[in-house]
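Coordinates as given in query.cif (mmCIF, C-alpha atoms and all ligand atoms):
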```cif
data_start
#
loop_
_atom_site.label_atom_id
_atom_site.label_comp_id
_atom_site.auth_asym_id
_atom_site.auth_seq_id
_atom_site.Cartn_x
_atom_site.Cartn_y
_atom_site.Cartn_z
CA MET A 1 -5.97 -21.64 -28.23
CA LYS A 2 -6.85 -18.04 -28.97
CA ARG A 3 -5.11 -15.62 -26.67
CA LEU A 4 -6.35 -12.22 -25.57
CA VAL A 5 -4.12 -9.30 -24.58
CA GLY A 6 -5.48 -6.54 -22.35
CA ILE A 7 -4.41 -2.90 -22.52
CA VAL A 8 -4.54 -1.72 -18.92
CA GLY A 9 -3.48 1.12 -16.66
CA LYS A 10 -4.78 4.14 -14.76
CA PRO A 11 -7.11 6.55 -16.61
CA ASN A 12 -5.94 9.02 -19.26
CA VAL A 13 -2.59 7.42 -20.13
CA GLY A 14 -3.40 6.62 -23.77
CA LYS A 15 -4.86 3.07 -23.62
CA SER A 16 -7.62 3.82 -26.12
CA THR A 17 -5.20 5.71 -28.36
CA PHE A 18 -2.95 2.62 -28.31
CA PHE A 19 -5.98 0.43 -29.10
CA THR A 20 -7.14 2.66 -31.97
CA ALA A 21 -3.63 2.82 -33.42
CA ALA A 22 -3.39 -0.98 -33.25
CA THR A 23 -6.84 -1.84 -34.57
CA MET A 24 -7.88 1.27 -36.53
CA ILE A 25 -11.21 1.06 -34.72
CA SER A 26 -12.12 4.57 -33.65
CA VAL A 27 -13.07 4.60 -29.98
CA PRO A 28 -13.51 7.68 -27.80
CA VAL A 29 -10.22 9.28 -26.74
CA ALA A 30 -10.11 12.38 -24.54
CA ALA A 31 -7.80 14.24 -22.17
CA TYR A 32 -9.75 13.39 -19.02
CA PRO A 33 -10.16 10.23 -16.89
CA PHE A 34 -12.78 7.53 -17.49
CA THR A 35 -13.32 8.20 -21.18
CA THR A 36 -13.57 4.43 -21.53
CA ILE A 37 -16.18 2.76 -19.32
CA LYS A 38 -17.07 -0.30 -21.38
CA PRO A 39 -14.09 -2.27 -22.67
CA ASN A 40 -13.40 -2.17 -26.41
CA HIS A 41 -12.61 -5.44 -28.17
CA GLY A 42 -10.83 -5.38 -31.49
CA VAL A 43 -8.50 -7.05 -33.91
CA GLY A 44 -4.90 -5.90 -34.17
CA TYR A 45 -1.91 -7.63 -35.78
CA VAL A 46 1.42 -9.13 -34.92
CA ARG A 47 4.17 -8.54 -37.44
CA VAL A 48 6.41 -11.41 -38.54
CA LYS A 49 8.84 -12.16 -41.33
CA CYS A 50 6.83 -14.30 -43.74
CA ILE A 51 8.39 -17.54 -45.05
CA CYS A 52 7.41 -16.68 -48.65
CA LYS A 53 10.88 -15.40 -49.54
CA GLU A 54 12.69 -18.29 -47.84
CA ILE A 55 10.71 -20.89 -49.81
CA GLY A 56 10.70 -18.75 -52.96
CA VAL A 57 6.99 -18.30 -53.62
CA LYS A 58 4.63 -15.46 -54.34
CA ASP A 59 1.95 -15.85 -51.69
CA ASP A 60 -1.76 -15.16 -51.71
CA PRO A 61 -2.77 -14.64 -48.05
CA VAL A 62 -6.31 -15.17 -46.81
CA ASN A 63 -6.40 -14.88 -43.00
CA SER A 64 -3.54 -12.37 -42.85
CA THR A 65 -1.67 -9.96 -45.13
CA CYS A 66 1.82 -10.02 -46.57
CA ILE A 67 3.57 -6.95 -47.91
CA ASN A 68 7.09 -7.40 -49.22
CA GLY A 69 7.67 -10.41 -47.01
CA THR A 70 6.15 -8.90 -43.86
CA ARG A 71 3.12 -10.87 -42.58
CA MET A 72 0.56 -9.23 -40.37
CA ILE A 73 -1.39 -11.88 -38.45
CA PRO A 74 -4.64 -10.97 -36.65
CA ILE A 75 -4.79 -11.06 -32.86
CA GLU A 76 -7.34 -9.92 -30.28
CA LEU A 77 -6.92 -6.90 -28.05
CA ILE A 78 -9.10 -5.45 -25.32
CA ASP A 79 -8.94 -1.81 -24.29
CA CYS A 80 -9.90 -1.75 -20.62
CA ALA A 81 -11.32 1.03 -18.48
CA GLY A 82 -8.82 2.84 -16.24
CA LEU A 83 -8.16 1.77 -12.66
CA VAL A 84 -7.76 4.16 -9.73
CA PRO A 85 -6.24 3.39 -6.30
CA ASP A 86 -8.47 1.07 -4.26
CA ALA A 87 -10.18 -0.21 -7.40
CA TRP A 88 -10.03 -3.66 -5.78
CA LYS A 89 -12.33 -2.34 -3.05
CA GLY A 90 -14.73 -1.15 -5.72
CA LYS A 91 -13.59 2.45 -6.11
CA GLY A 92 -14.40 3.95 -9.54
CA LEU A 93 -16.27 0.79 -10.65
CA GLY A 94 -13.02 -1.03 -9.94
CA ASN A 95 -14.58 -4.49 -9.37
CA LYS A 96 -16.24 -4.49 -12.74
CA PHE A 97 -13.13 -3.21 -14.51
CA LEU A 98 -10.86 -5.74 -12.76
CA ASP A 99 -13.15 -8.59 -13.77
CA GLU A 100 -12.84 -7.47 -17.39
CA ILE A 101 -9.06 -7.12 -17.18
CA MET A 102 -8.76 -10.64 -15.83
CA THR A 103 -10.32 -12.11 -18.97
CA ALA A 104 -7.04 -11.33 -20.73
CA ASP A 105 -4.15 -13.82 -20.87
CA ALA A 106 -1.42 -11.18 -20.83
CA LEU A 107 -1.37 -7.48 -20.13
CA ILE A 108 0.19 -4.41 -21.68
CA HIS A 109 0.38 -1.88 -18.86
CA VAL A 110 0.32 1.58 -20.43
CA VAL A 111 1.93 4.23 -18.23
CA ASP A 112 2.26 7.95 -18.90
CA ALA A 113 6.03 8.33 -19.12
CA SER A 114 5.67 12.10 -19.46
CA GLY A 115 4.46 12.25 -15.85
CA ALA A 116 1.64 14.63 -16.87
CA THR A 117 -1.26 12.74 -15.23
CA ASP A 118 -1.70 12.27 -11.49
CA VAL A 119 -2.52 9.08 -9.64
CA GLU A 120 -6.17 9.26 -10.76
CA GLY A 121 -5.37 10.30 -14.32
CA LYS A 122 -6.08 14.01 -13.91
CA ILE A 123 -3.83 16.32 -15.92
CA CYS A 124 -0.86 17.77 -14.01
CA PRO A 125 2.30 19.58 -15.20
CA ALA A 126 4.59 17.26 -17.19
CA GLY A 127 7.25 15.61 -15.03
CA THR A 128 5.42 16.12 -11.74
CA HIS A 129 4.01 12.59 -11.39
CA ASP A 130 6.33 9.62 -11.06
CA PRO A 131 5.17 6.76 -13.36
CA MET A 132 7.00 4.26 -11.13
CA LYS A 133 4.20 4.85 -8.63
CA ASP A 134 1.67 3.75 -11.26
CA ILE A 135 3.49 0.49 -11.81
CA LYS A 136 3.47 -0.29 -8.09
CA PHE A 137 -0.15 0.75 -7.78
CA LEU A 138 -1.41 -1.43 -10.61
CA ASP A 139 0.50 -4.46 -9.33
CA ARG A 140 -1.10 -3.97 -5.94
CA GLU A 141 -4.61 -3.54 -7.32
CA LEU A 142 -4.36 -6.76 -9.32
CA ASP A 143 -2.87 -8.70 -6.39
CA MET A 144 -5.42 -7.44 -3.89
CA TRP A 145 -8.28 -8.21 -6.27
CA MET A 146 -7.11 -11.77 -6.73
CA LEU A 147 -6.44 -12.17 -3.02
CA ARG A 148 -9.97 -11.07 -2.28
CA ILE A 149 -11.32 -13.71 -4.65
CA LEU A 150 -9.06 -16.39 -3.22
CA LYS A 151 -10.13 -15.59 0.31
CA ARG A 152 -13.86 -15.79 -0.35
CA ASP A 153 -15.38 -18.13 2.28
CA TRP A 154 -11.91 -18.69 3.68
CA ASP A 155 -13.52 -19.97 6.88
CA LYS A 156 -15.01 -22.83 4.90
CA ILE A 157 -11.51 -24.11 4.09
CA LEU A 158 -10.34 -23.63 7.68
CA ARG A 159 -13.37 -25.43 9.11
CA LYS A 160 -12.61 -28.47 7.02
CA GLY A 161 -9.68 -29.16 9.33
CA LYS A 162 -7.40 -31.67 7.65
CA ILE A 163 -7.21 -31.00 3.94
CA GLY A 164 -4.98 -32.67 1.35
CA ILE A 165 -2.89 -30.74 -1.16
CA ASP A 166 -5.03 -31.82 -4.12
CA GLU A 167 -8.24 -30.80 -2.43
CA LEU A 168 -6.71 -27.46 -1.44
CA ILE A 169 -5.51 -26.70 -4.95
CA ASP A 170 -8.90 -27.74 -6.34
CA SER A 171 -10.62 -25.28 -4.06
CA PHE A 172 -8.18 -22.48 -5.04
CA ALA A 173 -8.62 -23.33 -8.73
CA ASP A 174 -12.36 -23.22 -8.25
CA ARG A 175 -12.23 -19.74 -6.75
CA LEU A 176 -9.88 -18.42 -9.42
CA SER A 177 -11.61 -20.20 -12.32
CA GLY A 178 -13.37 -17.05 -13.51
CA LEU A 179 -9.98 -15.41 -14.04
CA ALA A 180 -8.84 -17.92 -16.67
CA ILE A 181 -6.06 -19.25 -14.45
CA ARG A 182 -4.94 -22.82 -14.90
CA ARG A 183 -4.87 -25.27 -12.02
CA SER A 184 -1.29 -26.22 -12.89
CA SER A 185 -0.08 -22.62 -12.34
CA ILE A 186 -1.68 -22.61 -8.90
CA GLU A 187 -0.20 -25.98 -8.01
CA ASN A 188 3.29 -24.89 -9.16
CA GLU A 189 3.25 -21.80 -7.00
CA VAL A 190 1.84 -23.51 -3.90
CA ARG A 191 4.55 -26.17 -4.16
CA LYS A 192 7.33 -23.64 -4.85
CA LEU A 193 6.49 -21.75 -1.68
CA ARG A 194 6.30 -25.04 0.27
CA LEU A 195 3.00 -24.01 1.81
CA MET A 196 1.59 -27.02 3.66
CA PRO A 197 -2.16 -27.56 3.60
CA GLU A 198 -2.10 -29.06 7.10
CA ASN A 199 -0.84 -25.71 8.45
CA ILE A 200 -3.30 -23.58 6.51
CA SER A 201 -4.68 -21.95 9.65
CA SER A 202 -1.23 -20.51 10.32
CA TRP A 203 -0.54 -19.23 6.80
CA SER A 204 0.10 -15.53 7.20
CA GLU A 205 -1.46 -12.75 5.12
CA GLU A 206 2.04 -12.21 3.72
CA ASN A 207 2.22 -15.86 2.63
CA LEU A 208 -1.06 -15.45 0.80
CA ILE A 209 -0.04 -12.19 -0.86
CA THR A 210 3.22 -13.77 -2.06
CA LEU A 211 1.31 -16.79 -3.34
CA ILE A 212 -1.25 -14.75 -5.21
CA HIS A 213 1.42 -12.39 -6.60
CA ASN A 214 3.35 -15.36 -7.97
CA ILE A 215 0.23 -16.95 -9.44
CA ARG A 216 -0.70 -13.67 -11.09
CA THR A 217 2.69 -12.86 -12.56
CA SER A 218 3.06 -16.36 -13.99
CA SER A 219 -0.47 -16.63 -15.36
CA LYS A 220 -1.07 -13.00 -16.42
CA PRO A 221 2.37 -11.87 -17.63
CA MET A 222 2.76 -8.14 -18.23
CA ILE A 223 4.97 -5.59 -19.97
CA ILE A 224 5.15 -1.87 -19.50
CA ALA A 225 4.35 0.34 -22.50
CA ALA A 226 5.90 3.66 -21.48
CA ASN A 227 3.67 6.00 -23.51
CA LYS A 228 3.80 9.67 -24.52
CA ILE A 229 7.55 9.59 -25.26
CA ASP A 230 6.89 12.39 -27.76
CA VAL A 231 6.69 14.70 -24.72
CA SER A 232 10.13 16.00 -23.82
CA GLY A 233 11.65 14.61 -20.63
CA SER A 234 9.79 11.28 -20.94
CA MET A 235 12.87 9.24 -21.82
CA ASP A 236 14.38 9.89 -18.36
CA ASN A 237 11.37 8.15 -16.88
CA VAL A 238 11.68 5.32 -19.40
CA SER A 239 15.28 4.71 -18.25
CA ARG A 240 14.24 4.75 -14.63
CA ILE A 241 11.48 2.22 -15.26
CA GLU A 242 13.89 0.00 -17.22
CA LYS A 243 16.48 0.21 -14.45
CA SER A 244 13.91 -0.93 -11.91
CA GLY A 245 13.86 -4.27 -13.75
CA HIS A 246 10.59 -4.01 -15.67
CA VAL A 247 10.44 -5.03 -19.31
CA THR A 248 9.66 -1.63 -20.80
CA ILE A 249 8.82 -0.57 -24.33
CA PRO A 250 8.95 3.17 -25.04
CA CYS A 251 5.86 4.17 -27.05
CA SER A 252 4.01 7.00 -28.64
CA ALA A 253 0.48 5.84 -29.34
CA GLU A 254 -0.35 9.25 -30.74
CA ALA A 255 2.52 9.06 -33.24
CA GLU A 256 1.52 5.56 -34.33
CA LEU A 257 -2.08 6.69 -34.81
CA ALA A 258 -0.98 9.67 -36.91
CA LEU A 259 1.21 7.42 -39.07
CA ARG A 260 -1.47 4.75 -39.48
CA ARG A 261 -3.99 7.39 -40.52
CA SER A 262 -1.51 8.91 -42.97
CA ARG A 263 -1.11 5.47 -44.52
CA GLN A 264 -4.86 4.88 -44.64
CA LYS A 265 -5.25 8.12 -46.61
CA ASN A 266 -2.39 7.13 -48.88
CA LEU A 267 -0.35 10.12 -47.75
CA THR A 268 2.63 7.99 -46.63
CA ASN A 269 3.83 4.43 -47.15
CA TYR A 270 4.21 3.75 -43.40
CA GLU A 271 3.87 0.13 -42.29
CA PRO A 272 3.28 -0.60 -38.57
CA GLY A 273 6.60 -1.24 -36.83
CA ASN A 274 8.74 0.39 -39.52
CA ASP A 275 11.50 2.82 -38.59
CA LYS A 276 10.90 5.08 -41.56
CA PHE A 277 8.33 6.13 -44.13
CA ASN A 278 8.10 8.22 -47.28
CA ILE A 279 5.61 10.95 -47.93
CA LEU A 280 3.64 10.00 -51.03
CA ASN A 281 1.37 12.96 -51.56
CA LYS A 282 3.11 16.08 -50.29
CA GLU A 283 0.66 18.39 -52.03
CA LYS A 284 -2.24 16.96 -50.01
CA LEU A 285 -0.60 17.80 -46.66
CA ASN A 286 -0.74 21.20 -45.00
CA LEU A 287 2.31 22.70 -43.29
CA GLU A 288 1.21 21.58 -39.83
CA GLN A 289 0.75 17.97 -40.97
CA LEU A 290 4.11 18.00 -42.73
CA GLN A 291 5.84 19.33 -39.64
CA GLY A 292 4.04 16.77 -37.47
CA LEU A 293 5.22 13.88 -39.63
CA GLN A 294 8.75 15.29 -39.75
CA LYS A 295 8.79 15.54 -35.97
CA ILE A 296 7.70 11.90 -35.60
CA SER A 297 10.41 10.87 -38.04
CA ASP A 298 13.20 12.88 -36.35
CA GLU A 299 12.29 12.58 -32.72
CA ILE A 300 10.77 9.11 -32.48
CA LEU A 301 11.60 6.85 -35.40
CA LEU A 302 15.22 8.00 -35.80
CA LYS A 303 15.94 8.10 -32.09
CA ILE A 304 13.98 5.12 -30.76
CA GLY A 305 13.64 2.97 -33.90
CA SER A 306 9.83 2.80 -33.93
CA THR A 307 6.71 4.18 -32.23
CA GLY A 308 6.81 1.10 -29.97
CA ILE A 309 3.20 0.04 -30.50
CA GLN A 310 3.98 -2.89 -32.81
CA ASN A 311 6.90 -3.93 -30.57
CA ALA A 312 4.63 -4.00 -27.53
CA ILE A 313 2.03 -6.16 -29.31
CA ASN A 314 4.68 -8.52 -30.71
CA PHE A 315 6.34 -8.80 -27.31
CA ALA A 316 3.03 -9.63 -25.64
CA PHE A 317 2.21 -12.48 -28.03
CA PHE A 318 5.66 -13.91 -28.75
CA LYS A 319 7.51 -13.38 -25.47
CA LEU A 320 4.85 -13.18 -22.78
CA LEU A 321 2.50 -15.74 -24.30
CA ASN A 322 5.13 -17.81 -26.09
CA MET A 323 3.23 -18.05 -29.35
CA ILE A 324 4.77 -19.32 -32.57
CA THR A 325 3.72 -18.95 -36.21
CA VAL A 326 2.81 -21.91 -38.40
CA TYR A 327 1.63 -22.07 -42.00
CA PRO A 328 -0.93 -24.82 -42.71
CA VAL A 329 -1.33 -25.74 -46.39
CA GLU A 330 -3.22 -28.47 -48.22
CA ASN A 331 -0.94 -29.03 -51.19
CA ILE A 332 2.63 -29.84 -50.17
CA GLU A 333 4.02 -29.38 -53.69
CA ASN A 334 2.97 -25.80 -54.30
CA PHE A 335 2.20 -24.84 -50.66
CA SER A 336 -1.40 -23.86 -51.39
CA ASP A 337 -4.92 -24.54 -50.19
CA HIS A 338 -7.50 -26.40 -52.31
CA LYS A 339 -8.27 -23.18 -54.17
CA GLY A 340 -4.63 -22.82 -55.19
CA ARG A 341 -3.91 -19.92 -52.87
CA VAL A 342 -0.26 -20.05 -51.83
CA LEU A 343 0.53 -19.78 -48.09
CA PRO A 344 -3.08 -18.80 -47.43
CA ASP A 345 -2.96 -18.77 -43.65
CA ALA A 346 -0.56 -17.99 -40.87
CA TYR A 347 -1.72 -19.30 -37.48
CA LEU A 348 -0.51 -18.25 -34.07
CA ILE A 349 -0.33 -21.19 -31.70
CA PRO A 350 1.24 -21.62 -28.26
CA TYR A 351 4.72 -23.09 -28.16
CA GLY A 352 4.31 -26.78 -27.37
CA ALA A 353 1.14 -27.24 -29.43
CA THR A 354 1.04 -30.42 -31.51
CA ALA A 355 0.10 -31.20 -35.10
CA LYS A 356 -3.22 -32.51 -33.81
CA ASP A 357 -3.84 -29.30 -31.85
CA LEU A 358 -3.33 -27.38 -35.07
CA ALA A 359 -5.74 -29.71 -36.89
CA SER A 360 -8.41 -29.06 -34.25
CA MET A 361 -7.76 -25.34 -34.49
CA ILE A 362 -8.38 -25.42 -38.25
CA HIS A 363 -11.61 -27.32 -37.66
CA THR A 364 -12.88 -29.56 -34.84
CA GLU A 365 -13.77 -32.29 -37.34
CA ILE A 366 -10.32 -32.17 -38.97
CA GLY A 367 -8.86 -32.62 -35.49
CA LYS A 368 -11.15 -35.59 -34.76
CA GLY A 369 -10.28 -37.31 -38.04
CA PHE A 370 -6.54 -36.55 -37.79
CA LEU A 371 -4.42 -39.18 -39.57
CA TYR A 372 -1.00 -37.57 -39.90
CA ALA A 373 0.73 -34.30 -40.78
CA THR A 374 3.37 -33.71 -43.42
CA ASP A 375 6.24 -31.28 -43.18
CA ALA A 376 5.83 -29.57 -46.55
CA ARG A 377 9.50 -28.60 -46.71
CA THR A 378 10.95 -32.10 -46.21
CA LYS A 379 7.81 -34.07 -47.30
CA MET A 380 8.27 -36.18 -44.14
CA ARG A 381 5.22 -37.45 -42.26
CA VAL A 382 4.85 -36.65 -38.57
CA GLY A 383 2.39 -37.98 -36.01
CA GLU A 384 -0.25 -36.32 -33.90
CA ASP A 385 2.17 -35.66 -31.01
CA TYR A 386 4.64 -33.78 -33.21
CA LYS A 387 5.39 -30.47 -31.49
CA LEU A 388 5.22 -27.70 -34.04
CA LYS A 389 8.14 -25.32 -34.44
CA ASP A 390 8.12 -21.64 -35.32
CA ASN A 391 7.59 -21.15 -39.09
CA ASP A 392 6.60 -24.77 -39.68
CA LEU A 393 4.91 -25.38 -43.02
CA VAL A 394 2.57 -28.32 -42.62
CA SER A 395 -0.23 -30.14 -44.26
CA ILE A 396 -2.78 -32.08 -42.22
CA THR A 397 -4.27 -35.30 -43.55
CA SER A 398 -7.58 -36.14 -41.93
CA THR A 399 -10.52 -38.41 -42.63
CA SER A 400 -12.57 -35.24 -42.56
CA LYS A 401 -12.19 -32.87 -45.49
CA ARG A 402 -12.45 -29.11 -45.48
CA GLY A 403 -15.25 -27.52 -47.49
N1 LIG A 501 1.49 13.39 -26.08
C1 LIG A 501 0.82 12.25 -26.17
N2 LIG A 501 -0.47 12.20 -25.80
C2 LIG A 501 -1.10 11.02 -25.91
C3 LIG A 501 -0.47 9.84 -26.39
N3 LIG A 501 -1.35 8.82 -26.37
C4 LIG A 501 -2.51 9.34 -25.92
N4 LIG A 501 -2.36 10.67 -25.63
C5 LIG A 501 -3.39 11.59 -25.12
O1 LIG A 501 -3.75 11.21 -23.81
C6 LIG A 501 -5.14 11.51 -23.57
C7 LIG A 501 -5.86 10.28 -23.07
O2 LIG A 501 -5.89 9.33 -24.11
P1 LIG A 501 -6.87 8.06 -24.08
O3 LIG A 501 -6.41 7.16 -25.17
O4 LIG A 501 -8.29 8.49 -24.06
O5 LIG A 501 -6.46 7.50 -22.65
P2 LIG A 501 -7.09 6.23 -21.84
O6 LIG A 501 -5.96 5.66 -21.07
O7 LIG A 501 -7.83 5.35 -22.75
O8 LIG A 501 -8.07 6.99 -20.85
P3 LIG A 501 -9.39 6.40 -20.07
O9 LIG A 501 -10.27 5.73 -21.06
O10 LIG A 501 -10.01 7.62 -19.50
O11 LIG A 501 -8.87 5.47 -19.03
C8 LIG A 501 -5.69 12.03 -24.89
O12 LIG A 501 -5.68 13.44 -24.85
C9 LIG A 501 -4.70 11.51 -25.92
O13 LIG A 501 -4.63 12.32 -27.08
C10 LIG A 501 0.91 9.93 -26.80
O14 LIG A 501 1.54 8.99 -27.25
N5 LIG A 501 1.48 11.16 -26.66
MG MG A 502 -9.80 4.80 -22.81
#
```

Whole structure, structure tokens version:
Amino acid sequence: MKRLVGIVGKPNVGKSTFFTAATMISVPVAAYPFTTIKPNHGVGYVRVKCICKEIGVKDDPVNSTCINGTRMIPIELIDCAGLVPDAWKGKGLGNKFLDEIMTADALIHVVDASGATDVEGKICPAGTHDPMKDIKFLDRELDMWMLRILKRDWDKILRKGKIGIDELIDSFADRLSGLAIRRSSIENEVRKLRLMPENISSWSEENLITLIHNIRTSSKPMIIAANKIDVSGSMDNVSRIEKSGHVTIPCSAEAELALRRSRQKNLTNYEPGNDKFNILNKEKLNLEQLQGLQKISDEILLKIGSTGIQNAINFAFFKLLNMITVYPVENIENFSDHKGRVLPDAYLIPYGATAKDLASMIHTEIGKGFLYATDARTKMRVGEDYKLKDNDLVSITSTSKRG
């Protein structure tokens, strides 16, 4: 049930800066294309309002953190290598990079909203490259890559002659299986387009592109992180991207990284996603650093409300992937685990997951021995098919005990 979010885009737009700001794992960042060749995997966090205040407890988190009622729950991110036009044909190691991108369940497409990098990620004067072009280009690369995979041994399908819908979908699912795409998504889209297997020899290239585009957008949902908004003129591009109908989050990965580092060094009290911070150790900052922090505060936090990085991550997990937060406990009276730790864990699970799914997520054996779950707020028992709700506080009773 773990979900992976990929940070993707053309080279030199700030993907690795975004990744470092989110995970605090230092990876190479530089002002030229193809700094990243091997993808970086790391742990970032989603930010949620913890239930500790609502239920009136002082918590003692184990798998996550809670500061003043704000829970940070770990999630997995992958910083991918940049794609250039015709990556799907193999240009710039495109095939390899696309394969890696497709391991993700949802994508954050980082674009350079300052328009200061050309189509291949080389530096150009700010405002001279239109980031809308990058959005179209990436969509096309992903579609063409998937189309190529779908069409592998296409003749084999055609030669079969009469083929039933189930057999057809099976063969599509088989081809796309390496991309973590579910059979049901493929079936939905084939049926929606009313493509008939008996006419497969007359399906046009356009039919196939539409089919693959729909499968991709439903199974690899994406948002645009419009980065480098600290560069003047960027917000005009952000508005244009928004107006074109794309879900867009204005970002400054560089600002987030500066703030996270200031917090790490105890120079500020910044928390990821906050709209303000206080300087804690003014005497330890030089004039340049002070001015830098002031600029972030005035020009990003005050104007936009945040650096956008936390919003983008939260959006990816909660809106694109439809995850919810649940709090499993062992003791329903004081909401603790067997060591007495209150609200020890916050789990992210997909909307629709059941009490038994949660049990299996905690431990396979606990899932196998599932007896019932108890809503720790109401003390009511629920069965294995109970669909968990956001912020549920539950205890699992199983024949198998945790160690
Ligand atoms: N002004 C500004 N520059 C940024 C921002 N984020 C990243 N950069 C700069 O953009 C350049 C590229 O950053 P990277 O994070 O290496 O970009 P990338 O997309 O990972 O690049 P590749 O790995 O080559 O694909 C670096 O010089 C960063 O300092 C931002 O928010 N604002
Ligand atoms: Mg990089």

What is the distance, in Å and to one decimal place, between CA of Met222 (chain A) and CA of Cys251 (chain A)?
15.5 Å

Write as a PDB file with C-alpha atoms, in the coordinates of the input the residues around ligand MG 502 (chain A), taking 6 Å as the cut-off and counting only C-alpha atoms and all ligand atoms.
```
ATOM      1  CA  LYS A  15      -4.860   3.070 -23.620  1.00  0.00           C
ATOM      2  CA  SER A  16      -7.620   3.820 -26.120  1.00  0.00           C
ATOM      3  CA  VAL A  29     -10.220   9.280 -26.740  1.00  0.00           C
ATOM      4  CA  THR A  35     -13.320   8.200 -21.180  1.00  0.00           C
ATOM      5  CA  THR A  36     -13.570   4.430 -21.530  1.00  0.00           C
ATOM      6  CA  ALA A  81     -11.320   1.030 -18.480  1.00  0.00           C
TER       7      ALA A  81
END
```

Can you list, as number ranges by chain, every protein, DNA or RNA residue that comes within 8 Å of Ala225 (chain A) when you count only C-alpha atoms, leaving out same-chain residues fewer than 4 positions away?
A: 108-111, 248-251, 308, 312

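Counting only C-alpha atoms and all ligand atoms, the residue from A:Val13, A:Met380, A:Val48, A:Ala353 that sits nearest to ligand LIG 501 (chain A) is A:Val13.
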
Quick one: of A:Glu254, A:Glu242, A:Asp105, A:Glu187, who's nearest to ligand LIG 501 (chain A), counting all atoms listed in the file?
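Among the listed residues, A:Glu254 lies closest to ligand LIG 501 (chain A).
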
Do you know which residues are at most 7 Å from Val238 (chain A) counting all atoms listed in the file, after dropping those on the same chain fewer than 3 positions away, and could you put them as a VMD selection string?
chain A and resid 113 226 234 to 235 241 to 242 250

Contacts with ligand LIG 501 (chain A) at most 8 Å, all atoms listed in the file counted, listed as number ranges by chain
A: 8-19, 28-37, 79-83, 110, 114, 121, 227-231, 251-256

Using only C-alpha atoms, find the one residue out of A:Met132, A:Ile7, A:Met196, A:Ile123 that sits nearest to Lys162 (chain A).
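Smallest separation from Lys162 (chain A) among the options: A:Met196.
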
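Of the residues under consideration (A:Asp118, A:Glu167, A:Asp275, A:Asp357), A:Asp357 shows the shortest atom-to-atom contact distance to Tyr386 (chain A) when counting only C-alpha atoms.
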
Length of the CA of Asn40 (chain A) to CA of Val27 (chain A) vector [Å]
7.7 Å

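Taking all atoms listed in the file into account, Gly305 (chain A) lies nearest to A:Phe277 out of the set A:Phe277, A:Glu141, A:Ser185, A:Leu150.
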
Measure the distance from CA of Thr378 (chain A) to CA of Asp392 (chain A) in Å and round it to one decimal.
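A separation of 10.7 Å between them.
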